[in-house]
Every structure is written in C-alpha cells, then in structure tokens.
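The structure file protein-v2.csv is reproduced below (CSV, C-alpha atoms (C1' of nucleotides)).
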chain,number,residue,atom,x,y,z
A,1,MET,CA,0.0,0.0,0.0
A,2,THR,CA,1.3,3.5,-0.7
A,3,HIS,CA,0.5,5.0,2.7
A,4,ASN,CA,2.8,3.9,5.5
A,5,ARG,CA,2.8,5.4,8.9
A,6,LEU,CA,5.2,8.2,8.0
A,7,ASP,CA,3.0,9.2,5.1
A,8,TYR,CA,-0.1,9.9,7.0
A,9,VAL,CA,1.6,11.3,10.1
A,10,ALA,CA,3.4,13.8,7.9
A,11,LEU,CA,0.3,14.6,5.9
A,12,MET,CA,-1.9,15.2,8.9
A,13,HIS,CA,0.8,17.4,10.5
A,14,GLU,CA,1.3,19.4,7.4
A,15,ARG,CA,-2.3,20.3,7.3
A,16,GLY,CA,-2.5,21.1,11.0
A,17,PHE,CA,-4.4,18.1,12.1
A,18,ARG,CA,-3.5,15.9,15.0
A,19,VAL,CA,-2.5,12.3,14.9
A,20,THR,CA,-4.6,10.7,17.6
A,21,PRO,CA,-4.6,7.0,18.7
A,22,GLN,CA,-8.2,6.8,17.5
A,23,ARG,CA,-7.2,7.9,14.0
A,24,GLN,CA,-4.4,5.4,13.9
A,25,LEU,CA,-6.7,2.6,15.1
A,26,ILE,CA,-9.3,3.4,12.5
A,27,LEU,CA,-6.8,3.6,9.7
A,28,ASP,CA,-5.4,0.3,10.7
A,29,ALA,CA,-8.9,-1.2,10.9
A,30,ILE,CA,-9.6,-0.1,7.3
A,31,GLY,CA,-6.3,-1.7,6.2
A,32,GLU,CA,-7.4,-5.0,7.7
A,33,GLY,CA,-10.4,-5.0,5.4
A,34,GLY,CA,-8.5,-6.5,2.4
A,35,GLY,CA,-9.9,-3.9,0.0
A,36,HIS,CA,-13.3,-2.9,1.3
A,37,THR,CA,-14.7,-2.5,4.8
A,38,THR,CA,-18.0,-1.3,6.0
A,39,PHE,CA,-18.5,1.1,8.9
A,40,GLU,CA,-19.6,-1.7,11.2
A,41,GLU,CA,-16.5,-3.7,10.4
A,42,VAL,CA,-14.3,-0.8,11.2
A,43,PHE,CA,-16.1,0.0,14.3
A,44,GLY,CA,-16.0,-3.6,15.4
A,45,ARG,CA,-12.3,-3.9,14.9
A,46,VAL,CA,-11.5,-0.7,16.6
A,47,GLN,CA,-13.7,-1.6,19.6
A,48,ARG,CA,-11.9,-4.9,20.0
A,49,LYS,CA,-8.6,-3.0,20.5
A,50,SER,CA,-10.0,-0.1,22.5
A,51,SER,CA,-13.6,-0.4,23.6
A,52,ALA,CA,-13.7,3.2,24.6
A,53,VAL,CA,-13.8,4.5,21.1
A,54,ASN,CA,-17.1,6.1,20.2
A,55,ARG,CA,-19.3,5.5,17.2
A,56,ALA,CA,-19.4,9.2,16.5
A,57,THR,CA,-15.6,9.4,16.4
A,58,VAL,CA,-15.5,6.6,13.9
A,59,TYR,CA,-18.1,8.3,11.7
A,60,ARG,CA,-16.2,11.6,12.0
A,61,THR,CA,-12.8,10.0,11.4
A,62,LEU,CA,-13.9,8.1,8.3
A,63,ASP,CA,-15.2,11.3,6.8
A,64,PHE,CA,-11.9,13.0,7.8
A,65,LEU,CA,-9.7,10.3,6.2
A,66,VAL,CA,-11.8,10.4,3.0
A,67,GLU,CA,-11.4,14.2,2.9
A,68,LEU,CA,-7.6,13.8,3.4
A,69,ARG,CA,-7.8,11.2,0.6
A,70,LEU,CA,-6.0,8.7,2.6
A,71,VAL,CA,-9.1,6.6,2.3
A,72,VAL,CA,-11.6,6.1,-0.5
A,73,ALA,CA,-15.3,5.6,0.1
A,74,ALA,CA,-16.9,3.5,-2.6
A,75,ASP,CA,-20.6,3.1,-3.2
A,76,VAL,CA,-21.2,-0.6,-4.0
A,77,GLY,CA,-24.9,-0.5,-3.3
A,78,GLY,CA,-26.9,-1.9,-0.4
A,79,GLY,CA,-27.2,1.6,0.9
A,80,ARG,CA,-23.9,1.4,2.7
A,81,LEU,CA,-20.5,2.7,1.8
A,82,VAL,CA,-17.3,0.6,1.8
A,83,TYR,CA,-14.0,2.2,2.8
A,84,GLU,CA,-10.6,1.3,1.3
A,85,ILE,CA,-7.1,2.5,1.8
A,86,ALA,CA,-6.4,4.9,-1.1
A,87,GLY,CA,-3.7,4.5,-3.7
A,88,GLU,CA,-4.2,0.9,-4.5
A,89,THR,CA,-4.3,-0.1,-8.2
A,90,PRO,CA,-7.6,0.6,-9.8
A,91,HIS,CA,-10.1,-2.2,-9.4
A,92,HIS,CA,-13.8,-2.7,-9.5
A,93,HIS,CA,-16.4,-4.5,-7.5
A,94,LEU,CA,-18.7,-7.4,-8.4
A,95,VAL,CA,-21.5,-7.2,-5.9
A,96,CYS,CA,-23.8,-10.2,-5.4
A,97,LEU,CA,-27.4,-9.0,-5.1
A,98,ASN,CA,-28.3,-12.1,-3.1
A,99,CYS,CA,-25.5,-12.6,-0.5
A,100,ARG,CA,-24.0,-9.1,-0.8
A,101,THR,CA,-20.5,-10.4,-1.0
A,102,VAL,CA,-18.2,-8.1,-2.9
A,103,ARG,CA,-15.4,-9.4,-5.1
A,104,GLN,CA,-12.8,-7.3,-6.8
A,105,ILE,CA,-11.9,-7.4,-10.5
A,106,SER,CA,-9.0,-5.8,-12.2
A,107,HIS,CA,-9.2,-2.7,-14.2
A,108,GLU,CA,-8.2,-4.3,-17.4
A,109,ALA,CA,-11.4,-6.4,-17.5
A,110,VAL,CA,-13.5,-3.3,-17.9
A,111,ALA,CA,-11.2,-0.7,-19.4
A,112,GLN,CA,-12.5,-1.1,-22.9
A,113,LEU,CA,-16.1,-0.5,-21.8
A,114,PHE,CA,-15.0,2.7,-20.1
A,115,THR,CA,-13.3,4.1,-23.1
A,116,GLN,CA,-16.3,3.2,-25.3
A,117,ILE,CA,-18.8,4.9,-22.9
A,118,GLU,CA,-16.5,7.9,-22.6
A,119,GLN,CA,-16.6,8.4,-26.3
A,120,GLU,CA,-20.2,7.5,-27.1
A,121,GLN,CA,-22.0,8.9,-24.1
A,122,LYS,CA,-19.7,11.8,-23.1
A,123,PHE,CA,-19.7,10.4,-19.5
A,124,HIS,CA,-16.5,9.9,-17.5
A,125,VAL,CA,-16.8,6.6,-15.6
A,126,GLU,CA,-15.0,6.8,-12.3
A,127,THR,CA,-12.2,4.3,-12.7
A,128,ASN,CA,-11.9,3.3,-9.0
A,129,HIS,CA,-15.4,2.8,-8.0
A,130,LEU,CA,-17.3,0.8,-10.6
A,131,ALA,CA,-19.8,-1.5,-9.0
A,132,LEU,CA,-21.4,-4.3,-11.1
A,133,PHE,CA,-24.4,-5.9,-9.6
A,134,GLY,CA,-25.5,-9.4,-10.3
A,135,TYR,CA,-25.2,-12.9,-8.8
A,136,CYS,CA,-22.1,-14.8,-7.8
A,137,GLU,CA,-21.4,-18.4,-8.7
A,138,ASP,CA,-22.9,-19.7,-5.4
A,139,CYS,CA,-26.1,-17.7,-5.6
A,140,LEU,CA,-26.9,-17.9,-9.3
A,141,PRO,CA,-28.4,-21.4,-9.1
A,142,LYS,CA,-30.7,-20.3,-6.3
A,143,MET,CA,-31.8,-17.3,-8.3
A,144,THR,CA,-32.5,-18.7,-11.7
A,145,PHE,CA,-36.1,-19.5,-11.0
A,146,HIS,CA,-36.4,-16.1,-9.7
A,147,ASN,CA,-36.6,-14.7,-13.2
A,148,HIS,CA,-39.7,-16.7,-13.8
A,149,ALA,CA,-41.4,-15.1,-10.9
A,150,HIS,CA,-42.7,-18.3,-9.4
A,151,GLU,CA,-41.7,-18.4,-5.8
A,152,LEU,CA,-43.7,-15.3,-5.0
A,153,GLU,CA,-46.3,-17.1,-2.8
A,154,HIS,CA,-43.6,-18.3,-0.5
A,155,ALA,CA,-41.8,-14.9,-0.2
A,156,HIS,CA,-45.0,-13.1,0.3
A,157,ALA,CA,-46.2,-15.4,3.0
A,158,HIS,CA,-44.1,-13.6,5.6
A,159,ALA,CA,-43.6,-10.4,3.8
A,160,LEU,CA,-47.1,-9.0,4.1
B,1,MET,CA,-44.8,-0.7,-21.4
B,2,THR,CA,-45.8,-4.3,-21.0
B,3,HIS,CA,-48.1,-3.9,-18.0
B,4,ASN,CA,-51.3,-2.1,-18.8
B,5,ARG,CA,-54.2,-1.9,-16.4
B,6,LEU,CA,-55.6,-5.3,-17.3
B,7,ASP,CA,-52.3,-7.0,-16.8
B,8,TYR,CA,-51.8,-6.0,-13.2
B,9,VAL,CA,-55.4,-6.2,-12.2
B,10,ALA,CA,-55.4,-9.8,-13.5
B,11,LEU,CA,-52.1,-10.6,-11.9
B,12,MET,CA,-53.1,-9.4,-8.5
B,13,HIS,CA,-56.4,-11.2,-8.5
B,14,GLU,CA,-54.8,-14.4,-9.7
B,15,ARG,CA,-52.6,-14.3,-6.7
B,16,GLY,CA,-55.3,-13.4,-4.3
B,17,PHE,CA,-54.2,-9.8,-3.8
B,18,ARG,CA,-56.5,-6.9,-3.9
B,19,VAL,CA,-56.5,-4.0,-6.3
B,20,THR,CA,-56.8,-0.9,-4.1
B,21,PRO,CA,-56.9,2.7,-5.2
B,22,GLN,CA,-53.6,3.2,-3.3
B,23,ARG,CA,-51.9,0.5,-5.4
B,24,GLN,CA,-53.2,2.0,-8.6
B,25,LEU,CA,-52.1,5.5,-7.6
B,26,ILE,CA,-48.6,4.3,-6.7
B,27,LEU,CA,-48.2,2.3,-9.9
B,28,ASP,CA,-49.3,5.3,-11.9
B,29,ALA,CA,-46.8,7.5,-10.0
B,30,ILE,CA,-43.9,5.1,-10.8
B,31,GLY,CA,-44.9,5.2,-14.5
B,32,GLU,CA,-44.7,9.0,-14.5
B,33,GLY,CA,-41.1,8.8,-13.5
B,34,GLY,CA,-39.9,8.3,-17.0
B,35,GLY,CA,-37.6,5.4,-16.1
B,36,HIS,CA,-36.6,5.8,-12.5
B,37,THR,CA,-38.3,7.3,-9.6
B,38,THR,CA,-37.3,7.6,-6.0
B,39,PHE,CA,-39.5,6.9,-3.0
B,40,GLU,CA,-40.0,10.6,-2.3
B,41,GLU,CA,-41.0,11.3,-5.9
B,42,VAL,CA,-43.6,8.5,-5.8
B,43,PHE,CA,-44.9,9.6,-2.4
B,44,GLY,CA,-45.1,13.2,-3.6
B,45,ARG,CA,-47.0,12.4,-6.7
B,46,VAL,CA,-49.4,10.1,-4.9
B,47,GLN,CA,-50.1,12.7,-2.2
B,48,ARG,CA,-50.8,15.4,-4.8
B,49,LYS,CA,-53.7,13.2,-6.0
B,50,SER,CA,-54.8,11.9,-2.7
B,51,SER,CA,-53.3,13.4,0.4
B,52,ALA,CA,-54.6,10.8,2.6
B,53,VAL,CA,-52.2,8.1,1.5
B,54,ASN,CA,-49.8,7.2,4.1
B,55,ARG,CA,-46.0,6.9,3.9
B,56,ALA,CA,-46.1,3.4,5.3
B,57,THR,CA,-48.5,2.3,2.6
B,58,VAL,CA,-46.2,3.6,-0.1
B,59,TYR,CA,-43.3,1.8,1.4
B,60,ARG,CA,-45.3,-1.4,1.7
B,61,THR,CA,-46.8,-1.1,-1.7
B,62,LEU,CA,-43.4,-0.5,-3.4
B,63,ASP,CA,-42.1,-3.7,-1.8
B,64,PHE,CA,-45.3,-5.5,-2.9
B,65,LEU,CA,-45.0,-4.3,-6.5
B,66,VAL,CA,-41.4,-5.3,-6.7
B,67,GLU,CA,-42.3,-8.7,-5.3
B,68,LEU,CA,-45.0,-9.1,-7.9
B,69,ARG,CA,-42.4,-8.1,-10.4
B,70,LEU,CA,-44.5,-5.4,-11.8
B,71,VAL,CA,-41.9,-3.0,-10.7
B,72,VAL,CA,-38.1,-3.2,-10.6
B,73,ALA,CA,-36.0,-1.6,-7.8
B,74,ALA,CA,-32.6,-0.6,-9.0
B,75,ASP,CA,-29.7,0.4,-6.8
B,76,VAL,CA,-28.0,3.3,-8.4
B,77,GLY,CA,-26.1,4.3,-5.3
B,78,GLY,CA,-26.6,7.3,-3.1
B,79,GLY,CA,-28.2,4.9,-0.6
B,80,ARG,CA,-31.6,5.1,-2.2
B,81,LEU,CA,-33.4,2.8,-4.5
B,82,VAL,CA,-35.0,3.9,-7.7
B,83,TYR,CA,-38.2,2.2,-9.0
B,84,GLU,CA,-39.1,1.5,-12.6
B,85,ILE,CA,-42.0,-0.2,-14.3
B,86,ALA,CA,-40.8,-3.7,-15.2
B,87,GLY,CA,-40.7,-5.1,-18.6
B,88,GLU,CA,-39.0,-2.3,-20.4
B,89,THR,CA,-36.1,-3.1,-22.7
B,90,PRO,CA,-33.0,-3.7,-20.7
B,91,HIS,CA,-31.1,-0.6,-20.1
B,92,HIS,CA,-28.5,0.7,-17.6
B,93,HIS,CA,-27.7,3.7,-15.6
B,94,LEU,CA,-25.0,6.3,-15.7
B,95,VAL,CA,-25.0,7.9,-12.3
B,96,CYS,CA,-23.2,11.2,-11.8
B,97,LEU,CA,-21.3,11.2,-8.5
B,98,ASN,CA,-21.5,14.9,-8.3
B,99,CYS,CA,-25.0,16.0,-9.3
B,100,ARG,CA,-26.6,12.5,-8.8
B,101,THR,CA,-28.5,12.7,-12.1
B,102,VAL,CA,-29.2,9.3,-13.6
B,103,ARG,CA,-29.1,8.7,-17.4
B,104,GLN,CA,-30.0,5.6,-19.2
B,105,ILE,CA,-27.9,3.8,-21.7
B,106,SER,CA,-28.9,0.9,-23.9
B,107,HIS,CA,-28.1,-2.7,-23.3
B,108,GLU,CA,-26.0,-3.0,-26.5
B,109,ALA,CA,-23.4,-0.6,-25.2
B,110,VAL,CA,-22.4,-2.9,-22.4
B,111,ALA,CA,-23.6,-6.3,-23.5
B,112,GLN,CA,-20.1,-7.4,-24.5
B,113,LEU,CA,-18.6,-6.6,-21.1
B,114,PHE,CA,-21.3,-8.7,-19.5
B,115,THR,CA,-20.5,-11.7,-21.6
B,116,GLN,CA,-16.9,-11.3,-20.9
B,117,ILE,CA,-17.3,-11.0,-17.1
B,118,GLU,CA,-19.7,-13.9,-17.1
B,119,GLN,CA,-17.1,-16.1,-18.7
B,120,GLU,CA,-14.0,-14.9,-17.0
B,121,GLN,CA,-15.3,-14.3,-13.5
B,122,LYS,CA,-18.1,-16.8,-13.3
B,123,PHE,CA,-20.4,-13.9,-12.2
B,124,HIS,CA,-23.7,-13.2,-13.7
B,125,VAL,CA,-24.2,-9.5,-14.1
B,126,GLU,CA,-27.8,-8.5,-13.6
B,127,THR,CA,-28.7,-7.2,-17.0
B,128,ASN,CA,-31.4,-4.7,-15.9
B,129,HIS,CA,-29.6,-2.9,-13.0
B,130,LEU,CA,-26.2,-2.0,-14.0
B,131,ALA,CA,-25.1,1.2,-12.5
B,132,LEU,CA,-22.0,2.9,-13.7
B,133,PHE,CA,-20.7,5.7,-11.5
B,134,GLY,CA,-18.8,8.7,-12.8
B,135,TYR,CA,-19.2,12.3,-13.8
B,136,CYS,CA,-21.5,13.6,-16.5
B,137,GLU,CA,-20.6,16.1,-19.2
B,138,ASP,CA,-21.6,19.1,-17.0
B,139,CYS,CA,-19.9,18.0,-13.8
B,140,LEU,CA,-16.6,16.7,-15.3
B,141,PRO,CA,-15.1,20.2,-15.7
B,142,LYS,CA,-15.9,21.0,-12.1
B,143,MET,CA,-14.3,17.8,-10.9
B,144,THR,CA,-11.0,17.9,-12.8
B,145,PHE,CA,-9.4,20.2,-10.2
B,146,HIS,CA,-10.6,17.9,-7.5
B,147,ASN,CA,-9.1,14.8,-9.1
B,148,HIS,CA,-5.9,16.6,-9.6
B,149,ALA,CA,-5.5,17.3,-6.0
B,150,HIS,CA,-6.2,13.6,-5.4
B,151,GLU,CA,-3.5,12.5,-7.7
B,152,LEU,CA,-0.9,14.8,-6.4
B,153,GLU,CA,-1.2,13.4,-3.0
B,154,HIS,CA,-1.4,9.8,-3.9
B,155,ALA,CA,0.2,9.0,-7.2
B,156,HIS,CA,-3.2,7.9,-8.1
B,157,ALA,CA,-3.3,8.9,-11.7
B,158,HIS,CA,-5.1,6.7,-14.1
B,159,ALA,CA,-6.4,8.6,-17.0
B,160,LEU,CA,-8.9,7.1,-19.3
C,1,DC,C1',-1.8,26.4,27.0
C,2,DT,C1',-4.7,26.5,23.1
C,3,DA,C1',-7.2,24.6,19.7
C,4,DC,C1',-8.5,20.5,17.7
C,5,DA,C1',-10.5,15.9,18.8
C,6,DT,C1',-13.3,13.0,21.5
C,7,DG,C1',-17.2,11.1,24.3
C,8,DC,C1',-21.7,11.4,25.4
C,9,DA,C1',-26.3,12.0,24.7
C,10,DA,C1',-29.8,13.9,22.2
C,11,DA,C1',-31.7,14.9,17.8
C,12,DG,C1',-32.5,13.8,12.9
C,13,DA,C1',-33.5,11.3,8.7
C,14,DG,C1',-35.4,7.2,6.7
C,15,DT,C1',-37.8,3.0,7.2
C,16,DT,C1',-40.3,-0.7,9.6
C,17,DT,C1',-43.9,-2.7,12.6
C,18,DG,C1',-48.0,-3.6,15.7
C,19,DC,C1',-52.5,-3.0,15.9
C,20,DA,C1',-57.1,-1.3,15.3
C,21,DT,C1',-60.0,0.0,11.5
C,22,DC,C1',-61.4,-0.2,6.8
C,23,DC,C1',-62.9,-2.2,2.5
C,24,DG,C1',-62.2,-5.2,-1.8
C,25,DC,C1',-64.2,-9.2,-3.4
D,1,DG,C1',-68.5,-11.1,6.3
D,2,DC,C1',-63.8,-12.5,5.9
D,3,DG,C1',-59.2,-11.6,5.5
D,4,DG,C1',-56.2,-8.7,3.2
D,5,DA,C1',-54.8,-3.6,3.1
D,6,DT,C1',-54.5,0.9,5.2
D,7,DG,C1',-53.6,4.6,8.6
D,8,DC,C1',-51.5,5.9,12.6
D,9,DA,C1',-48.1,6.2,15.8
D,10,DA,C1',-44.4,4.2,18.0
D,11,DA,C1',-40.2,1.8,17.4
D,12,DC,C1',-35.9,1.0,15.0
D,13,DT,C1',-31.6,1.8,12.5
D,14,DC,C1',-28.2,4.6,10.9
D,15,DT,C1',-26.0,9.0,11.1
D,16,DT,C1',-25.2,13.7,12.6
D,17,DT,C1',-24.7,17.5,16.0
D,18,DG,C1',-24.1,20.4,20.3
D,19,DC,C1',-21.5,20.8,24.0
D,20,DA,C1',-18.4,19.9,27.8
D,21,DT,C1',-14.1,17.6,28.6
D,22,DG,C1',-9.7,15.8,27.2
D,23,DT,C1',-5.2,16.0,24.9
D,24,DA,C1',-1.7,16.5,21.0
D,25,DG,C1',1.6,19.7,19.7

Translate the structure described by the file into structure tokens.
Amino acid sequence: MTHNRLDYVALMHERGFRVTPQRQLILDAIGEGGGHTTFEEVFGRVQRKSSAVNRATVYRTLDFLVELRLVVAADVGGGRLVYEIAGETPHHHLVCLNCRTVRQISHEAVAQLFTQIEQEQKFHVETNHLALFGYCEDCLPKMTFHNHAHELEHAHAHAL
Amino acid sequence: MTHNRLDYVALMHERGFRVTPQRQLILDAIGEGGGHTTFEEVFGRVQRKSSAVNRATVYRTLDFLVELRLVVAADVGGGRLVYEIAGETPHHHLVCLNCRTVRQISHEAVAQLFTQIEQEQKFHVETNHLALFGYCEDCLPKMTFHNHAHELEHAHAHAL
DNA sequence: CTACATGCAAAGAGTTTGCATCCGC
DNA sequence: GCGGATGCAAACTCTTTGCATGTAG
C-alpha cells in the first residue's frame, strides 16, 4: 500500500491536524479489510482493540480520512459505503445482489467499456469505484427460477 | 410498457391480492417517473392526487409491487433505490457522482462486457440494473481540479 | 496552554412494525 | 362477512450534531 505510517503522520501534521490514537486505530482497521470494509466492520475492529472509542468518532474520522484522501469511500450499493485505503491499483467490484459479497476485479477487464462509454456517451466513468451488480457463482443457481417469478407465494407469506 | 391496467389487475387477482386505489395510484406514480423514480417522488405524486395516502402504505406497496415483479427496484447508489415499471427493454444507468443525475444507456453498449465477465469471472451481471458511477458532461469540468489534488497526494493517476 | 479531537447524549433522517380499523371481493 | 390492506403512531436503525471535557503539539 502506498501509505505507511510516516506518510499519514506527515500529511496530517502538514495540514495542521492531529495524529490521535483513534485515528491510527481506525486507519489500521480499514487496512485490515482487504480492500473494502463497512462502517460496522471498522467500528468492530476498533472496539476490540480499544472499547472506549465512540461510534461518532469513527463516523467523523472516516469522513476526515476520506477528505484527506487517505481513504476512498466506494458506493457498492446496499445503501452502505465501503471504505478502502487509497492508492491501490484501480479495481472494481462485483456485488452479489443475493448474498451481498463483494469481489474485486481488475481494471483491465472493464477498461474497454469505459473508453467506449466515454466516447459514445460523453460520460466519464470513475475508474476506481465501478460496481457491477449481479449474482455470484454460489447464488446464481438459487436465483435462476427467480426470473420466472414463481416463488412469490412463498416470499409473500411472511412479507405481508 | 408491458403492463397495462388489465395486466396488473389480473395478476393481483390471480394471486389473491386486492386491487386498491392506493396501489393503482402508486403504480401510476412510478410510471410517471420516465424510467426511474425515488420513493420521495412517488410519495409526492401520490399525495398530490390523494393526500390521505400514508407513507407506510407507499413503502409497503413498493415492496409489494417489486415482489409481484410489476416494478423493478434498482440500486443506483446514493443509498436510495429507484423504482421503474418492469418489462421495459434492458437498459443501464450512468450515475453522476456529483449531481446525482441518472441517465439511461442501452443494453447494447455494455452487452459485450457482461458476456466477458460472465465467462472470466463466473459472475452473472444482472442485466437490468447495471449502475456505472462517474461524472457527467456538465460536472466533469468542475471535478478535474478535484481529481488533480487527489492524484498529487497519492500517485493515483489513471487517465482514461 | 490553546485549539483541535473525542465522548456522550440527544436529535434527525429514513424505514419498519403492531395493531385497530377499513374495505375489496 | 372474511381476510387482506391501510392509517397511525411508535419503534428502530443509521448517522449527525451540540457541548463539555480531554489531549496533541
């Protein structure tokens, strides 16, 4: 990763911000996420190491780190952001609509589409945060009959 | 659109559900969205016609219509779903990360990428709900400065 | 020592739920 | 009339904010 301890300490000092234990814990917790981490995961990891850290601090610190561009917040759907240490090679997300697991794919796999859309649609696709929704290998079998809209009775029995 | 009045009335009756004025109003309100409509837009339109309709009813009815597959809920980021009348030709969404406007693009434009990912990643991309995040023609100029700052700090450059 | 950062609790936004009433069929 | 649908209000979840206290530099 491009940001080691010296990097962020220097960056924060340069800008007149303080390097607090909470900020370091939270940065570490994001790094443990292997690419993408939800708020709850970060909060959980931080609490395990120091249970005194407050939710509000984690919210504020995540915003702060994103603003400093040490961290990137990616919208992969599900109404929740995922956080990643910035500066990694561009990659994208395959999000399973069923089990919500998020897998990464390389930039090369989609680069061509980006170029094409850029030209044809005059729309600049953000290269770091593409989210493709669909069904993963495990969930696809379960979902195939879904397309035929047959299991509704079952679903609806508890829904309404 | 594939679902006219007869369609959905028949469908609901078939399944033992009732056709209420609220459900018809809400279905109409989604149809007025020209492709994608947020909850608040639906609620607003419904209230203008019948101010007695409750928020909870709109929430419940949207879920109900999605479950009946008369309506499709698409996650285009921003933490909020957009609703569309089902059965339209497959299309996708270009979502501007700055102004949040959502534009549609045809399926053809991205079909090849889907096939490729399907084969290489063993992941089935949901053909109706692809959301591509980026910046639209209007917002891109405003964001270039922003991106530049980003790149300076993090050697993050990856031009398109 | 002086701001900036944190903890705490309360307030907000958005959504869901329990229950009595209503009304489609 | 029966059972599903609605309205209402309360409960819930997630996030933000005001303010007093703590602490990095």

Based on only C-alpha atoms, which of the residues in chain B come within 9 Å of chain A? I want them as a PyMOL selection string.
chain B and resi 15+60+63-64+67-69+75-81+94-97+105+109-110+112-113+116-117+120-127+129-137+140+150-151+153-156+158-160

Matching each Cα of chain A to the same-order Cα of chain B and superposing by least squares, what RMSD do you find?
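The RMSD between chain A and chain B over C-alpha atoms is 5.2 Å.
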
Would you mind listing, for every residue of chain D within 10 Å of chain A, the two atoms forming the shortest contact and the distance between them in Å to one decimal, using only C-alpha atoms (C1' of nucleotides), sorted by chain and ascending residue number, as JSON lines?
{"residue": "D:DG4", "atom": "C1'", "partner": "A:Leu160", "partner_atom": "CA", "distance": 9.1}
{"residue": "D:DA5", "atom": "C1'", "partner": "A:Leu160", "partner_atom": "CA", "distance": 9.5}
{"residue": "D:DC14", "atom": "C1'", "partner": "A:Arg80", "partner_atom": "CA", "distance": 9.8}
{"residue": "D:DT15", "atom": "C1'", "partner": "A:Tyr59", "partner_atom": "CA", "distance": 8.0}
{"residue": "D:DT16", "atom": "C1'", "partner": "A:Ala56", "partner_atom": "CA", "distance": 8.3}
{"residue": "D:DT17", "atom": "C1'", "partner": "A:Ala56", "partner_atom": "CA", "distance": 9.9}
{"residue": "D:DT23", "atom": "C1'", "partner": "A:Thr20", "partner_atom": "CA", "distance": 9.0}
{"residue": "D:DA24", "atom": "C1'", "partner": "A:Arg18", "partner_atom": "CA", "distance": 6.3}
{"residue": "D:DG25", "atom": "C1'", "partner": "A:Arg18", "partner_atom": "CA", "distance": 7.9}

Nearest candidate to chain A (options C:DC25, C:DA10, C:DC4, C:DT17; using all atoms listed in the file):
C:DC4

Would you kindly report the residues of chain C within 12 Å of chain B, using all atoms listed in the file, as a list in words?
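That gives the following set of residues: DG14, DT15, DT16, DT17, DC22, DC23, DG24 and DC25 of chain C.
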
Point (-15.3, 4.7, 26.4) neighbourhood (10 Å, all atoms listed in the file) written as a list in words
Gln47, Ser50, Ser51, Ala52, Val53 and Asn54 of chain A; DT6, DG7 and DC8 of chain C

Can you write out the residues you just picked, keeping C-alpha atoms (C1' of nucleotides), as a PDB file, in the coordinates of the input?
ATOM      1  CA  GLN A  47     -13.700  -1.600  19.600  1.00  0.00           C
ATOM      2  CA  SER A  50     -10.000  -0.100  22.500  1.00  0.00           C
ATOM      3  CA  SER A  51     -13.600  -0.400  23.600  1.00  0.00           C
ATOM      4  CA  ALA A  52     -13.700   3.200  24.600  1.00  0.00           C
ATOM      5  CA  VAL A  53     -13.800   4.500  21.100  1.00  0.00           C
ATOM      6  CA  ASN A  54     -17.100   6.100  20.200  1.00  0.00           C
TER       7      ASN A  54
ATOM      8  C1'  DT C   6     -13.300  13.000  21.500  1.00  0.00           C
ATOM      9  C1'  DG C   7     -17.200  11.100  24.300  1.00  0.00           C
ATOM     10  C1'  DC C   8     -21.700  11.400  25.400  1.00  0.00           C
TER      11       DC C   8
END

Calculate how many Å separate atom CA of B:Asn98 from atom CA of B:Pro141, rounding to one decimal.
11.1 Å

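The two atoms in question, atom CA of A:Gln22 and atom C1' of D:DG22, are spaced 13.3 Å apart.
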
For atom CA of B:Glu32 and atom CA of B:Met12, quote the distance in Å rounded to one decimal.
21.1 Å

Contacts of B:Val71 at 6 Å (all atoms listed in the file; same-chain gap of 5+ positions) as a list of chain:residue names:
B:Leu65, B:Val66, B:Glu84, B:Ile85, B:Ala86

Draw an axis-aligned box over all listed atoms of stretch 7-23 of chain D, pad each side with 5 Å, and write its centre and edge lengths in Å, one decimal, as JSON.
{"center_x": -29.4, "center_y": 10.9, "center_z": 18.6, "size_x": 58.4, "size_y": 29.8, "size_z": 30.0}
